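Just input-v2.cif here, mmCIF, C-alpha atoms:
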```
data_structure
#
loop_
_atom_site.label_atom_id
_atom_site.label_comp_id
_atom_site.auth_asym_id
_atom_site.auth_seq_id
_atom_site.Cartn_x
_atom_site.Cartn_y
_atom_site.Cartn_z
CA MET A 749 -3.70 11.07 32.08
CA LYS A 750 -3.41 13.84 29.49
CA PHE A 751 -1.22 11.59 27.34
CA HIS A 752 -3.80 8.77 27.49
CA VAL A 753 -6.59 11.17 26.49
CA ALA A 754 -4.48 12.45 23.58
CA ILE A 755 -3.81 8.91 22.35
CA CYS A 756 -7.50 8.01 22.54
CA PHE A 757 -8.33 11.13 20.53
CA ILE A 758 -5.76 10.22 17.87
CA LEU A 759 -7.01 6.62 17.70
CA GLY A 760 -10.53 7.87 17.12
CA TRP A 761 -9.34 9.97 14.20
CA LEU A 762 -7.31 7.11 12.75
CA ILE A 763 -10.35 4.86 12.79
CA GLN A 764 -12.29 7.49 10.83
CA LEU A 765 -9.42 7.86 8.38
CA GLY A 766 -9.26 4.12 7.79
CA LEU A 767 -5.67 3.92 9.10
CA PHE A 768 -6.76 2.18 12.28
CA HIS A 769 -9.55 -0.39 12.39
CA ASP A 770 -11.28 -0.83 15.72
CA SER A 771 -12.45 -4.35 14.80
CA ILE A 772 -8.99 -5.82 15.36
CA ILE A 773 -7.43 -3.49 17.94
CA ASP A 774 -5.00 -5.51 20.09
CA GLU A 775 -6.05 -8.69 18.32
CA LYS A 776 -4.30 -10.73 15.68
CA PRO A 777 -6.46 -11.47 12.64
CA GLU A 778 -7.97 -14.94 12.56
CA ASN A 779 -7.56 -17.58 9.85
CA CYS A 780 -3.95 -16.70 9.10
CA GLN A 781 -1.06 -18.77 7.83
CA GLN A 782 2.56 -17.66 7.87
CA VAL A 783 4.04 -17.36 4.38
CA THR A 784 7.38 -15.59 4.92
CA VAL A 785 9.30 -13.32 7.27
CA LEU A 786 10.20 -9.63 6.99
CA PRO A 787 13.59 -8.87 8.58
CA SER A 788 13.88 -5.59 10.46
CA GLN A 789 16.28 -2.88 9.37
CA ASP A 790 19.24 -4.64 10.98
CA SER A 791 17.76 -8.18 10.84
CA VAL A 792 17.54 -8.33 14.63
CA PHE A 793 13.81 -9.00 14.34
CA LEU A 794 12.37 -11.54 11.91
CA ASN A 795 8.76 -10.42 11.62
CA PRO A 796 6.39 -13.22 10.50
CA VAL A 797 4.15 -12.25 7.58
CA PHE A 798 0.77 -13.95 7.34
CA LEU A 799 -1.83 -14.51 4.65
CA CYS A 800 -5.13 -13.83 6.40
CA GLU A 801 -8.80 -14.32 5.56
CA GLN A 802 -11.29 -12.18 7.44
CA ASP A 803 -14.89 -12.11 6.30
CA THR A 804 -14.63 -11.52 2.54
CA SER A 805 -11.20 -9.89 2.65
CA ILE A 806 -7.91 -11.69 2.03
CA TYR A 807 -4.68 -9.86 2.74
CA TYR A 808 -1.12 -10.07 4.07
CA TYR A 809 -0.31 -8.90 7.59
CA THR A 810 2.59 -8.48 9.99
CA GLU A 811 3.23 -6.97 13.39
CA LEU A 812 6.36 -5.09 12.46
CA GLN A 813 9.19 -4.40 14.89
CA SER A 814 12.27 -2.59 13.70
CA PRO A 815 14.94 -0.32 15.15
CA VAL A 816 15.08 3.16 13.67
CA CYS A 817 18.51 4.68 14.16
CA GLN A 818 19.61 8.32 13.91
CA ASP A 819 23.23 8.97 14.77
CA GLU A 820 23.63 7.84 18.43
CA LEU A 821 19.88 7.50 18.95
CA CYS A 822 18.15 4.18 18.23
CA ARG A 823 14.60 3.22 19.11
CA ILE A 824 12.11 0.50 18.20
CA VAL A 825 9.10 1.16 15.98
CA TYR A 826 6.04 -1.07 16.36
CA LEU A 827 3.36 -1.11 13.66
CA LYS A 828 0.70 -3.39 12.23
CA VAL A 829 1.12 -3.47 8.45
CA PHE A 830 -1.26 -4.76 5.79
CA TRP A 831 -0.61 -5.56 2.11
CA ASP A 832 -3.17 -6.63 -0.48
CA LEU A 833 -3.06 -9.87 -2.47
CA ALA A 834 -0.82 -8.29 -5.10
CA GLY A 835 1.73 -7.45 -2.42
CA ASN A 836 0.99 -3.72 -2.50
CA TYR A 837 0.85 -1.80 0.78
CA SER A 838 -2.72 -1.24 1.92
CA HIS A 839 -2.68 0.49 5.31
CA PHE A 840 -1.19 0.39 8.78
CA GLU A 841 -2.54 0.33 12.31
CA ILE A 842 -0.78 1.48 15.45
CA PHE A 843 -0.73 -0.38 18.73
CA GLU A 844 -2.69 1.46 21.38
CA ASP A 845 0.28 1.51 23.77
CA GLU A 846 2.93 2.14 21.08
CA PRO A 847 2.03 5.32 19.15
CA LEU A 848 4.60 6.60 16.69
CA THR A 849 6.80 9.45 17.84
CA LYS A 850 9.07 12.05 16.26
CA ASN A 851 12.26 13.76 17.41
CA ASP A 852 12.50 14.36 21.15
CA HIS A 853 9.62 11.94 21.83
CA LYS A 854 6.93 14.14 20.30
CA PRO A 855 3.89 12.00 19.37
CA PHE A 856 2.65 11.87 15.78
CA SER A 857 -0.22 14.20 14.98
CA ILE A 858 -3.18 13.24 12.80
CA HIS A 859 -1.48 14.99 9.89
CA ASP A 860 1.72 13.00 10.52
CA TYR A 861 -0.14 9.70 10.32
CA GLU A 862 -1.84 10.80 7.10
CA LYS A 863 1.51 11.88 5.65
CA LEU A 864 3.16 8.56 6.52
CA HIS A 865 0.27 6.62 4.97
CA GLY A 866 0.50 8.66 1.75
CA THR A 867 4.25 8.14 1.55
CA LEU A 868 3.96 4.39 2.08
CA LEU A 869 1.38 4.22 -0.73
CA ASP A 870 3.84 5.79 -3.16
CA VAL A 871 5.94 2.94 -4.56
CA ASN A 872 7.80 5.48 -6.71
CA SER A 873 8.78 7.69 -3.79
CA ILE A 874 12.13 9.46 -3.98
CA LEU A 875 12.99 7.53 -0.81
CA GLY A 876 13.51 4.46 -2.95
CA ASP A 877 16.45 6.12 -4.68
CA LYS A 878 18.12 7.37 -1.50
CA THR A 879 20.52 5.82 0.96
CA LYS A 880 20.49 6.66 4.64
CA GLU A 881 23.59 8.77 4.16
CA GLU A 882 21.80 10.95 1.59
CA LEU A 883 18.93 11.90 3.89
CA LEU A 884 20.61 14.82 5.61
CA ASP A 885 22.03 18.10 4.41
CA LYS A 886 25.17 18.23 6.53
CA SER A 887 25.63 21.92 5.77
CA LYS A 888 22.67 22.65 8.03
CA GLU A 889 22.25 21.52 11.62
CA ARG A 890 19.55 21.35 14.27
CA TYR A 891 19.83 20.68 17.99
CA SER A 892 18.26 17.56 19.51
CA GLU A 893 17.87 17.31 23.26
CA LYS A 894 17.50 13.54 23.01
CA ILE A 895 20.96 12.92 21.60
CA ASP A 896 22.42 15.99 23.34
CA GLY A 897 24.01 17.29 20.19
CA TYR A 898 23.53 18.52 16.65
CA THR A 899 22.33 16.61 13.62
CA GLY A 900 21.96 17.55 9.96
CA ALA A 901 18.74 18.99 8.56
CA THR A 902 16.60 16.97 6.18
CA ALA A 903 17.82 17.23 2.58
CA LYS A 904 15.57 19.62 0.64
CA GLU A 905 14.65 17.22 -2.18
CA ILE A 906 13.18 14.61 0.17
CA LYS A 907 11.60 16.88 2.76
CA SER A 908 8.17 16.72 1.12
CA ALA A 909 8.25 12.92 1.15
CA VAL A 910 8.82 12.37 4.87
CA VAL A 911 7.07 13.16 8.12
CA ASP A 912 8.65 16.27 9.61
CA GLY A 913 10.67 15.20 12.63
CA ALA A 914 10.45 11.51 11.72
CA LEU A 915 12.89 11.29 8.83
CA TYR A 916 14.49 7.98 9.74
CA SER A 917 11.20 6.37 10.76
CA THR A 918 9.62 7.29 7.43
CA PHE A 919 12.68 6.15 5.48
CA THR A 920 12.99 2.84 7.35
CA LEU A 921 9.30 1.99 7.14
CA TRP A 922 9.10 2.84 3.43
CA HIS A 923 12.01 0.55 2.58
CA LEU A 924 10.73 -2.30 4.74
CA ILE A 925 7.15 -2.11 3.46
CA ASN A 926 7.93 -1.38 -0.20
CA GLY A 927 11.15 -3.36 -0.53
CA ASN A 928 11.62 -7.00 -1.53
CA ILE A 929 8.55 -7.99 0.47
CA ARG A 930 6.28 -6.58 -2.26
CA GLN A 931 7.71 -8.92 -4.89
CA ASP A 932 7.79 -11.85 -2.47
CA LEU A 933 4.10 -11.52 -1.60
CA GLY A 934 3.08 -10.99 -5.22
CA LYS A 935 4.97 -14.14 -6.20
CA PHE A 936 3.35 -16.12 -3.38
CA THR A 937 -0.13 -15.11 -4.55
CA LYS A 938 0.77 -15.99 -8.14
CA SER A 939 2.06 -19.42 -7.12
CA ASN A 940 -1.02 -20.14 -5.00
CA PHE A 941 -3.59 -18.32 -7.10
CA LYS A 942 -7.30 -19.02 -6.71
CA LYS A 943 -10.04 -17.82 -9.02
CA GLU A 944 -11.90 -16.30 -6.07
CA TYR A 945 -9.07 -13.78 -5.73
CA LEU A 946 -10.01 -12.10 -9.01
CA ASN A 947 -12.91 -9.99 -7.76
CA GLN A 948 -10.95 -8.58 -4.86
CA LEU A 949 -7.91 -7.78 -6.99
CA ILE A 950 -9.77 -6.26 -9.93
CA ASN A 951 -12.11 -4.23 -7.70
CA SER A 952 -9.16 -2.70 -5.82
CA ASN A 953 -8.68 1.06 -5.65
CA ASN A 954 -4.98 0.54 -6.35
CA PRO A 955 -4.28 0.63 -10.13
CA ARG A 956 -1.25 -1.64 -9.72
CA THR A 957 -3.33 -4.23 -7.92
CA VAL A 958 -6.02 -4.07 -10.60
CA LEU A 959 -3.39 -4.67 -13.28
CA TYR A 960 -1.94 -7.54 -11.27
CA GLY A 961 -5.40 -9.14 -11.17
CA LEU A 962 -6.01 -8.59 -14.89
CA LYS A 963 -2.75 -10.35 -15.68
CA ARG A 964 -4.08 -13.44 -13.94
CA LEU A 965 -6.99 -13.71 -16.42
CA GLU A 966 -6.93 -16.64 -18.82
CA PRO A 967 -8.44 -16.17 -22.34
CA ASP A 968 -11.69 -17.90 -21.30
CA ASP A 969 -11.99 -15.67 -18.23
CA TYR A 970 -12.79 -12.59 -20.34
CA ALA A 971 -16.13 -14.07 -21.37
CA THR A 972 -17.16 -15.26 -17.91
CA ASN A 973 -15.99 -12.04 -16.24
CA PHE A 974 -17.14 -9.56 -18.89
CA PRO A 975 -19.30 -7.46 -16.50
CA LEU A 976 -16.27 -7.10 -14.26
CA ILE A 977 -14.16 -6.10 -17.28
CA LEU A 978 -16.67 -3.41 -18.19
CA SER A 979 -16.58 -2.03 -14.65
CA VAL A 980 -12.81 -1.64 -14.94
CA LEU A 981 -13.06 0.13 -18.30
CA THR A 982 -15.52 2.70 -16.93
CA ARG A 983 -13.15 3.70 -14.11
CA GLY A 984 -10.82 5.36 -16.61
CA ASN A 985 -7.70 3.75 -15.18
CA GLY A 986 -5.25 4.31 -18.04
CA LEU A 987 -2.87 1.56 -16.92
CA ALA A 988 -5.61 -1.07 -16.68
CA ASN A 989 -7.52 0.05 -19.77
CA PHE A 990 -4.42 0.03 -21.98
CA TYR A 991 -3.79 -3.55 -20.93
CA LEU A 992 -7.41 -4.64 -21.35
CA VAL A 993 -8.10 -3.23 -24.80
CA LYS A 994 -5.07 -5.11 -26.08
CA LYS A 995 -6.04 -8.36 -24.41
CA ILE A 996 -9.82 -8.74 -24.72
CA PRO A 997 -10.42 -11.43 -27.37
CA LYS A 998 -12.24 -10.06 -30.40
CA GLU A 999 -14.84 -12.82 -30.23
CA VAL A 1000 -15.75 -11.72 -26.71
CA LEU A 1001 -16.36 -8.16 -27.91
CA LEU A 1002 -18.45 -9.36 -30.85
CA ASN A 1003 -20.69 -11.57 -28.73
CA PRO A 1004 -24.23 -10.07 -29.16
CA VAL A 1005 -24.91 -9.87 -25.40
CA ASN A 1006 -21.51 -8.33 -24.74
CA LYS A 1007 -21.96 -5.85 -27.59
CA THR A 1008 -25.18 -4.62 -26.00
CA SER A 1009 -23.51 -4.31 -22.59
CA LEU A 1010 -20.56 -2.43 -24.10
CA GLU A 1011 -22.87 -0.06 -25.95
CA ALA A 1012 -24.65 0.73 -22.68
CA ILE A 1013 -21.46 2.02 -21.06
CA TRP A 1014 -19.81 3.47 -24.20
CA ASP A 1015 -20.36 7.12 -23.27
CA LYS A 1016 -18.62 6.54 -19.94
CA LEU A 1017 -15.36 5.47 -21.58
CA ASP A 1018 -12.43 7.80 -22.09
CA ALA A 1019 -11.38 8.79 -25.61
CA ASN A 1020 -8.28 6.58 -25.76
CA THR A 1021 -10.19 3.47 -24.70
CA LYS A 1022 -12.93 4.17 -27.25
CA SER A 1023 -10.37 4.66 -30.01
CA VAL A 1024 -8.73 1.27 -29.50
CA LEU A 1025 -11.98 -0.62 -28.93
CA ALA A 1026 -13.51 0.93 -32.05
CA LYS A 1027 -11.00 -0.99 -34.15
CA HIS A 1028 -12.94 -4.14 -33.22
CA TYR A 1029 -16.35 -2.75 -32.45
CA THR A 1030 -18.36 0.38 -33.23
CA PRO A 1031 -21.62 0.94 -31.29
#
```

Please render this file's structure as structure tokens.
Amino acid sequence: MKFHVAICFILGWLIQLGLFHDSIIDEKPENCQQVTVLPSQDSVFLNPVFLCEQDTSIYYYTELQSPVCQDELCRIVYLKVFWDLAGNYSHFEIFEDEPLTKNDHKPFSIHDYEKLHGTLLDVNSILGDKTKEELLDKSKERYSEKIDGYTGATAKEIKSAVVDGALYSTFTLWHLINGNIRQDLGKFTKSNFKKEYLNQLINSNNPRTVLYGLKRLEPDDYATNFPLILSVLTRGNGLANFYLVKKIPKEVLLNPVNKTSLEAIWDKLDANTKSVLAKHYTP
């Protein structure tokens, strides 16, 4: 009973944090089509990955199952995982009856879930440069009741990147979610691209996703989507702005209506963006 109450409390917090969405608890999203599979760590499970449309949101989704092994101990992790149209990780949801656990069966805390989410968002995490064998500092040991023995302590340089007590879970999930699947999903979107994807991609909070969307613009799209372009420029995203100021056709900038719109937001632009734009236009 106490465990059930604790899980309900954690689920409530996850909903507030945006890591767990009560609208699809224990339900598969509707309007989905399978586009590929994501093999588990040892390829025992072939997890179907779907392209889903729900309301105005389009995304990729899987119900991930994968073993997570630590020395003699091996257990299965269950997680609902979502990627955006660019193939970038968006968020995860836990199954109500399968919360994530750490060493010795300790359940994840709210902080642990937040930490895992932050790590999964970081495509440049140090975990990407590490092998499983490099995760532990064998000169230090800790006792685990579960495996009835000693195991190495987490290597110092990666300790800040993983959930304390869930080293192998964090490592396995990061590599599954940010591995080849990212490129595969991005390629699928590119091969099946629809103009209606642009708004969702370019309005994303993920700078990499915004850039992915901008790279799908054709020369004529800059004129028809100029208000959207201006909204990107005012966000001060250096990656996106550097790309845009090099790509916006000069004739689009010099259009009288567009010049007026650009002048209206000029003071909101960062210095670097102003400097490059000024070569074509001065308010």

Fewer than 4 positions away in the same chain doesn't count, so skip those; otherwise give me all residues within 12 Å of segment 943-945 of chain A, counting all atoms listed in the file, as a count of residues only.
25

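Every protein or nucleic acid residue with an atom no more than 9 Å from Gly913 of chain A, counting only C-alpha atoms and leaving out same-chain residues fewer than 2 positions away, appears here: Thr849, Lys850, Asn851, Asp852, Lys854, Thr902, Val910, Val911, Leu915 and Tyr916 of chain A.
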
Non-local contacts of Asn985 of chain A (10 Å; all atoms listed in the file; under 5 positions in same chain excluded) as a PyMOL selection string
chain A and resi 953-955+958-959+980+990+1018+1021

Starting from the shown file, work through the PyMOL selection byres ((chain A and resi 1007) around 12) and note down what comes out as a list in words.
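Selection result, ordered by chain and number: Ala971, Phe974, Pro975, Leu978, Lys998, Glu999, Val1000, Leu1001, Leu1002, Asn1003, Pro1004, Val1005, Asn1006, Thr1008, Ser1009, Leu1010, Glu1011, Ala1012, Ile1013, Trp1014, Leu1025, Ala1026, His1028, Tyr1029, Thr1030 and Pro1031 of chain A.
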
On this structure, the PyMOL selection byres ((chain A and resi 930) around 10) would catch which residues? List them as a list of chain:residue names, sorted by chain and number.
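Going through the file, the PyMOL selection byres ((chain A and resi 930) around 10) ends up selecting A:Trp831, A:Asp832, A:Leu833, A:Ala834, A:Gly835, A:Asn836, A:Tyr837, A:Val871, A:Leu924, A:Ile925, A:Asn926, A:Gly927, A:Asn928, A:Ile929, A:Gln931, A:Asp932, A:Leu933, A:Gly934, A:Lys935.
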
Residue IDs satisfying the PyMOL selection byres ((chain A and resi 860) around 10), as a PDB file with C-alpha atoms, in the frame of the given file:
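After the write, out-v1.pdb holds the following:
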```pdb
ATOM      1  CA  LEU A 848       4.600   6.600  16.690  1.00  0.00           C
ATOM      2  CA  THR A 849       6.800   9.450  17.840  1.00  0.00           C
ATOM      3  CA  LYS A 850       9.070  12.050  16.260  1.00  0.00           C
ATOM      4  CA  PRO A 855       3.890  12.000  19.370  1.00  0.00           C
ATOM      5  CA  PHE A 856       2.650  11.870  15.780  1.00  0.00           C
ATOM      6  CA  SER A 857      -0.220  14.200  14.980  1.00  0.00           C
ATOM      7  CA  ILE A 858      -3.180  13.240  12.800  1.00  0.00           C
ATOM      8  CA  HIS A 859      -1.480  14.990   9.890  1.00  0.00           C
ATOM      9  CA  TYR A 861      -0.140   9.700  10.320  1.00  0.00           C
ATOM     10  CA  GLU A 862      -1.840  10.800   7.100  1.00  0.00           C
ATOM     11  CA  LYS A 863       1.510  11.880   5.650  1.00  0.00           C
ATOM     12  CA  LEU A 864       3.160   8.560   6.520  1.00  0.00           C
ATOM     13  CA  HIS A 865       0.270   6.620   4.970  1.00  0.00           C
ATOM     14  CA  GLY A 866       0.500   8.660   1.750  1.00  0.00           C
ATOM     15  CA  VAL A 910       8.820  12.370   4.870  1.00  0.00           C
ATOM     16  CA  VAL A 911       7.070  13.160   8.120  1.00  0.00           C
ATOM     17  CA  ASP A 912       8.650  16.270   9.610  1.00  0.00           C
ATOM     18  CA  GLY A 913      10.670  15.200  12.630  1.00  0.00           C
ATOM     19  CA  ALA A 914      10.450  11.510  11.720  1.00  0.00           C
TER      20      ALA A 914
END
```

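The spacing separating atom CA of Cys800 of chain A from atom CA of Asn872 of chain A amounts to 26.7 Å.
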
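Between atom CA of Phe843 of chain A and atom CA of Val829 of chain A there is a distance of 10.9 Å.
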
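From atom CA of Arg823 of chain A back to atom CA of Pro787 of chain A, the distance works out to 16.1 Å.
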
Could you tell me which of A:His923, A:Thr867, A:Tyr809, A:Glu844 comes closest to Ser788 of chain A if we count all atoms listed in the file?
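Distance minimum relative to Ser788 of chain A lands on A:His923.
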
Using all atoms listed in the file, which residue out of A:Asp1015, A:Tyr970, A:Leu921, A:Cys780 lies closest to Leu812 of chain A?
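The closest residue to Leu812 of chain A is A:Leu921.
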
Please list as a PyMOL selection string every residue within 9 Å of Leu981 of chain A, counting all atoms listed in the file and excluding residues in the same chain fewer than 5 positions away.
chain A and resi 976+986+988-989+992-993+1016-1018+1021
